[in-house]
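Chemist: Supplied in structure tokens, the structure appears directly below.
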Amino acid sequence: MDKMLQIENVTKSFGGLSALADVSFTVTQGQIKSLIGPNGAGKTTLYNIVTGVEPLTEGTISFLGQRIDGYKPHIITQRGIARTFQNVELFENMSVIENVMLGRHARTKTGVFANALRLPAARGEEHEIVNQSLELLEFVGLDQRAHEDSSGLPFGLQRYLEIARALATEPKLLLLDEPASGLDTAEAQSLCELILKIRDTGVTILLVEHNMEVAMELSDEIVVLNYGMKIAEGTPREVQDDPEVVSAYLGDEAYA
Ligand SMILES: Nc1ncnc2c1ncn2[C@@H]1O[C@H](COP(=O)(O)OP(=O)(O)OP(=O)(O)O)[C@@H](O)[C@H]1O
Ligand SMILES: [Mg+2]
């Protein structure tokens with residue numbers, strides 16, 4: 001199977017603290033892979049590095065066979081990696097559809113500025129962007145709310161909107177950072193269905209998730225981080241039975 005994302009010997013230091021220490025793993029095309037671990041394990045830091053928001057200290061990251069470490073975030077978006085954020089980051093003074101359109105502009109030829117200035121080349125594209133954005137909203141079940149203010153959406157639906165915005169960049173790989181956090185059981189279940197539906201459209205998924213039921217249900221493979229180190233990798237069953245993983249989680253609960 002094709003390797004999509006290769007994390008090789010990645011270390012990230014913040015002063016004296018190693019948020020990631022010599023972490024290596026691969027995400028294969030078409031799979032749902034999860035990255036789990038106690039608070040502070042380095043999961044979000046890894047996303048920040050893969051998306052070019054933070055530089056790495058050591059190691060390499062390759063996407064579809066090409067190095068991407070050191071590239072700017074918008075280049076990495078154009079290569080085909082999109083993400084959502086642990087604490088939903090929407091443009092609050094924009095409508096639901098405008099949030100999706102902004103994701104779409106990251107992908108178009110004329111770009112955000114030509115569109116903002118309504119330059120002629122942008123007008124035809126704009127129409128297409130509206131239609132594509134509506135389709136994406138329909139895909140996540142938000143098309144009826146396209147023209148509402150995004151900040152007025154219930155929290156669970158804001159998570160869906162953020163996913164739609166990420167999909168608007170036409171990613172090959174989608175990084176989700178705790179998409180089920182703050183959702184009730186029913187909402188988490190419909191999120192699982194949405195994630196599977198996204199995978200079925202051909203998008204590979206890397207998932208950071210604290211909700212074990214969600215991670216176990218969805219993942220083809222799981223990587224476990226603890227204090228910046230990879231302590232286990234395997235199928236959900238293999239990881240669940242791993243003594244080091246059990247002790248990392250029990251230890252975490254004991255101190256929580
Ligand atoms: N910009 C930063 N400057 C200094 N330290 C940081 C920075 N970002 C993260 N850290 C530290 O790096 C470590 C890993 O943090 P990270 O946010 O990646 O953990 P996480 O696995 O996503 O945790 P959580 O499950 O709580 O979201 C933590 O000790 C955190 O305090
Ligand atoms: Mg995090």
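Quick note on naming: the chains in the structure tokens go A, B, ... in the order shown, residues restart at 1 in each chain, and ligands are numbered from 1 in order of appearance.
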Between chain A and ligand 1, at 9 Å or less, what are the per-residue closest atom pairs and their distances in Å? Count only C-alpha atoms and all ligand atoms, order by chain and rising residue number, and return it as CSV.

Modeler:
```
residue,atom,partner,partner_atom_place_in_ligand_line,distance
A:Lys12,CA,ligand 1,12 (O),8.5
A:Ser13,CA,ligand 1,5 (N),8.1
A:Phe14,CA,ligand 1,4 (C),5.0
A:Gly15,CA,ligand 1,4 (C),7.4
A:Leu17,CA,ligand 1,12 (O),7.1
A:Ser18,CA,ligand 1,12 (O),7.1
A:Ala19,CA,ligand 1,12 (O),4.2
A:Leu20,CA,ligand 1,14 (C),7.4
A:Leu35,CA,ligand 1,21 (O),8.9
A:Ile36,CA,ligand 1,21 (O),7.7
A:Gly37,CA,ligand 1,21 (O),6.3
A:Pro38,CA,ligand 1,25 (O),5.7
A:Asn39,CA,ligand 1,26 (O),3.5
A:Gly40,CA,ligand 1,19 (O),3.4
A:Ala41,CA,ligand 1,21 (O),3.7
A:Gly42,CA,ligand 1,18 (O),3.2
A:Lys43,CA,ligand 1,21 (O),3.7
A:Thr44,CA,ligand 1,22 (O),3.7
A:Thr45,CA,ligand 1,18 (O),3.6
A:Leu46,CA,ligand 1,18 (O),6.4
A:Tyr47,CA,ligand 1,18 (O),8.0
A:Asn48,CA,ligand 1,18 (O),8.3
A:Glu54,CA,ligand 1,1 (N),8.3
A:Gln86,CA,ligand 1,27 (O),7.1
A:Asp177,CA,ligand 1,22 (O),8.1
A:Glu178,CA,ligand 1,27 (O),8.0
A:Val208,CA,ligand 1,22 (O),8.2
A:Glu209,CA,ligand 1,25 (O),8.2
A:His210,CA,ligand 1,25 (O),7.1
A:Leu225,CA,ligand 1,21 (O),7.7
A:Asn226,CA,ligand 1,21 (O),8.1
A:Tyr227,CA,ligand 1,14 (C),7.5
A:Gly228,CA,ligand 1,14 (C),6.9
```

Chemist: Using only C-alpha atoms, find each residue of stretch 70-106 of chain A with at least one atom at most 6 Å away from an atom of stretch 139-149 of chain A; report its shortest atom-to-atom pair and that distance in Å (one decimal), sort the rows by chain and rising residue number, and return the result as CSV.

Modeler:
```
residue,atom,partner,partner_atom,distance
A:Ser95,CA,A:Asp149,CA,4.3
A:Val96,CA,A:Ala146,CA,5.0
A:Ile97,CA,A:Ala146,CA,4.9
```

Chemist: Write out as a list in words each polymer residue whose atoms come within 8 Å of A:Glu170, counting only C-alpha atoms; drop sequence neighbours fewer than 3 positions from it.

Modeler: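 In the requested form, the answer reads Gly80, Arg104, Arg107, Ala166 and Leu167 of chain A.
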
Chemist: Could you write out the selected residues, including N, CA and C atoms, as a JSON list (two decimals), in the first residue's frame?

Modeler:
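Output below, filename again-v1.json:
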```
[["chain", "number", "residue", "atom", "x", "y", "z"],
["A", 80, "GLY", "N", -2.20, 19.22, -0.21],
["A", 80, "GLY", "CA", -3.29, 18.30, 0.08],
["A", 80, "GLY", "C", -3.44, 17.85, 1.52],
["A", 104, "ARG", "N", -12.24, 27.06, 0.54],
["A", 104, "ARG", "CA", -12.22, 26.83, -0.91],
["A", 104, "ARG", "C", -11.24, 27.77, -1.63],
["A", 107, "ARG", "N", -7.66, 27.07, -2.44],
["A", 107, "ARG", "CA", -7.42, 26.11, -3.51],
["A", 107, "ARG", "C", -7.46, 26.73, -4.91],
["A", 166, "ALA", "N", -12.41, 22.41, 6.18],
["A", 166, "ALA", "CA", -11.18, 21.68, 5.88],
["A", 166, "ALA", "C", -11.33, 20.90, 4.56],
["A", 167, "LEU", "N", -12.50, 20.29, 4.34],
["A", 167, "LEU", "CA", -12.71, 19.53, 3.11],
["A", 167, "LEU", "C", -12.74, 20.43, 1.88]]
```

Chemist: Using DSSP assignments from the backbone, pull out every residue in stretch 88-250 of chain A that falls under alpha helix (DSSP H) and give it to me as number ranges by chain.

Modeler: A: 96-105, 111-116, 120-140, 155-167, 185-200, 212-218, 236-240, 243-250

Chemist: List as a list of chain:residue names the protein and nucleic acid residues near A:Leu183, meaning an atom at most 12 Å away when only C-alpha atoms are counted, but skip any in the same chain fewer than 6 places from it.

Modeler: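 So the residues in contact are A:Pro154, A:Phe155, A:Gly156, A:Leu157, A:Gln158, A:Arg159, A:Tyr160, A:Gln189, A:Ser190, A:Leu191, A:Cys192, A:His210, A:Asn211, A:Val214.
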
Chemist: Need the shell around A:Gly59: protein/DNA/RNA residues with any atom at most 10 Å away, counting only C-alpha atoms. Skip same-chain ones fewer than 3 positions apart. Format as a PyMOL selection string?

Modeler: chain A and resi 7-12+21-24+56+69

Chemist: Kindly export the residues of the current selection with N, CA and C atoms, as a short mmCIF file (atom, residue, chain, number, x, y, z; two decimals), in the first residue's frame.

Modeler:
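After the write, part34.cif holds the following:
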```cif
data_model
loop_
_atom_site.label_atom_id
_atom_site.label_comp_id
_atom_site.auth_asym_id
_atom_site.auth_seq_id
_atom_site.Cartn_x
_atom_site.Cartn_y
_atom_site.Cartn_z
N ILE A 7 6.41 10.25 9.00
CA ILE A 7 7.02 11.02 10.08
C ILE A 7 8.28 10.24 10.44
N GLU A 8 9.45 10.88 10.29
CA GLU A 8 10.68 10.14 10.55
C GLU A 8 11.57 10.85 11.57
N ASN A 9 11.74 10.18 12.70
CA ASN A 9 12.64 10.66 13.77
C ASN A 9 12.38 12.12 14.14
N VAL A 10 11.12 12.46 14.29
CA VAL A 10 10.77 13.86 14.57
C VAL A 10 10.91 14.19 16.07
N THR A 11 11.70 15.22 16.32
CA THR A 11 11.87 15.76 17.66
C THR A 11 11.46 17.22 17.63
N LYS A 12 10.74 17.64 18.68
CA LYS A 12 10.38 19.05 18.82
C LYS A 12 10.69 19.48 20.25
N ALA A 21 9.80 13.36 20.90
CA ALA A 21 11.16 12.84 20.97
C ALA A 21 11.32 11.64 20.03
N ASP A 22 11.97 11.89 18.90
CA ASP A 22 12.33 10.82 17.97
C ASP A 22 11.13 9.97 17.55
N VAL A 23 10.07 10.64 17.15
CA VAL A 23 8.83 9.95 16.77
C VAL A 23 8.84 9.58 15.28
N SER A 24 8.54 8.33 14.98
CA SER A 24 8.43 7.88 13.60
C SER A 24 7.17 7.03 13.43
N LEU A 56 10.05 21.94 13.03
CA LEU A 56 10.51 20.84 13.87
C LEU A 56 11.96 21.09 14.28
N ASP A 69 8.69 19.18 5.38
CA ASP A 69 9.09 19.93 6.58
C ASP A 69 9.81 21.19 6.14
#
```

Chemist: Looking only at the backbone, which of the residues in stretch 1-207 of chain A does DSSP tag as strand (DSSP E or B), as a PyMOL selection string?

Modeler: chain A and resi 3-14+17-28+32-36+58-63+66-67+81-83+95+149+173-177+204-207

Chemist: Any chance you could export the current selection's C-alpha atoms as a short mmCIF file (atom, residue, chain, number, x, y, z; two decimals), in the first residue's frame?

Modeler:
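File part.cif, as written:
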```cif
data_model
loop_
_atom_site.label_atom_id
_atom_site.label_comp_id
_atom_site.auth_asym_id
_atom_site.auth_seq_id
_atom_site.Cartn_x
_atom_site.Cartn_y
_atom_site.Cartn_z
CA LYS A 3 2.72 5.58 1.99
CA MET A 4 1.00 8.93 2.31
CA LEU A 5 2.57 10.63 5.32
CA GLN A 6 5.93 9.64 6.74
CA ILE A 7 7.02 11.02 10.08
CA GLU A 8 10.68 10.14 10.55
CA ASN A 9 12.64 10.66 13.77
CA VAL A 10 10.77 13.86 14.57
CA THR A 11 11.87 15.76 17.66
CA LYS A 12 10.38 19.05 18.82
CA SER A 13 11.93 20.94 21.72
CA PHE A 14 10.41 23.91 23.50
CA LEU A 17 11.06 20.30 27.12
CA SER A 18 10.85 17.66 24.39
CA ALA A 19 7.24 17.82 23.22
CA LEU A 20 8.16 15.12 20.68
CA ALA A 21 11.16 12.84 20.97
CA ASP A 22 12.33 10.82 17.97
CA VAL A 23 8.83 9.95 16.77
CA SER A 24 8.43 7.88 13.60
CA PHE A 25 5.33 6.41 11.98
CA THR A 26 3.62 6.20 8.62
CA VAL A 27 0.06 6.90 7.50
CA THR A 28 -0.96 4.70 4.58
CA ILE A 32 -7.99 5.92 9.29
CA LYS A 33 -5.07 6.11 11.69
CA SER A 34 -5.38 7.47 15.20
CA LEU A 35 -2.90 9.23 17.39
CA ILE A 36 -3.77 8.86 21.05
CA GLU A 58 15.00 17.35 14.16
CA GLY A 59 13.74 14.75 11.73
CA THR A 60 11.85 14.78 8.44
CA ILE A 61 8.26 14.74 7.24
CA SER A 62 7.33 13.49 3.78
CA PHE A 63 3.97 13.64 2.05
CA GLN A 66 8.23 14.49 -1.02
CA ARG A 67 9.73 16.33 1.93
CA ILE A 81 -3.19 18.34 3.88
CA ALA A 82 -6.04 19.95 5.87
CA ARG A 83 -6.78 20.04 9.57
CA SER A 95 -21.82 33.08 7.93
CA ASP A 149 -24.07 33.30 11.61
CA LEU A 173 -5.09 13.81 4.07
CA LEU A 174 -7.33 15.22 6.81
CA LEU A 175 -5.97 15.75 10.33
CA LEU A 176 -8.71 15.87 12.97
CA ASP A 177 -7.80 17.12 16.47
CA THR A 204 -7.03 9.50 4.25
CA ILE A 205 -7.58 10.41 7.90
CA LEU A 206 -5.31 10.95 10.88
CA LEU A 207 -7.35 11.31 14.03
#
```

Chemist: Which is closer to A:Ser181 than all the others in A:Phe85, A:Glu125, A:Thr169, A:Leu250, using only C-alpha atoms?

Modeler: A:Phe85

Chemist: For atom CA of A:Thr185 and atom CA of A:Asn93, quote the distance in Å rounded to one decimal.

Modeler: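 Atom CA of A:Asn93 lies at a distance of 29.5 Å from atom CA of A:Thr185.
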
Chemist: Tell me, in Å to one decimal, how far atom CA of A:Gln78 is from atom CA of A:Ile49.

Modeler: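 Here the two named atoms are 15.9 Å from each other.
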
Chemist: Using only C-alpha atoms and all ligand atoms, find the one residue out of A:Asn87, A:Thr77, A:Gln29, A:Thr51 that sits nearest to ligand 2.

Modeler: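 Of the candidates, the smallest distance to ligand 2 is held by A:Asn87.
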
Chemist: Measuring between only C-alpha atoms, which one of A:Glu217, A:Glu135, A:Asp241, A:Glu162 shows the shortest distance to A:Ala188?

Modeler: A:Glu217

Chemist: Report, in Å with one decimal, the straight-line distance from atom CA of A:Pro179 to atom CA of A:Thr84.

Modeler: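 The value is 7.8 Å.
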
Chemist: So that I can see what lies close to A:Met101, please list as a PyMOL selection string the residues with an atom at most 10 Å from it, counting only C-alpha atoms and leaving out residues fewer than 6 positions away in the same chain.

Modeler: chain A and resi 95+112+126+129-134+136+164-165+168-169

Chemist: Hey, which of A:Lys72, A:Gly16, A:Val88, A:Ser150 ends up closest to ligand 2? Count only C-alpha atoms and all ligand atoms.

Modeler: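 Closest to ligand 2 of all the choices is A:Val88.
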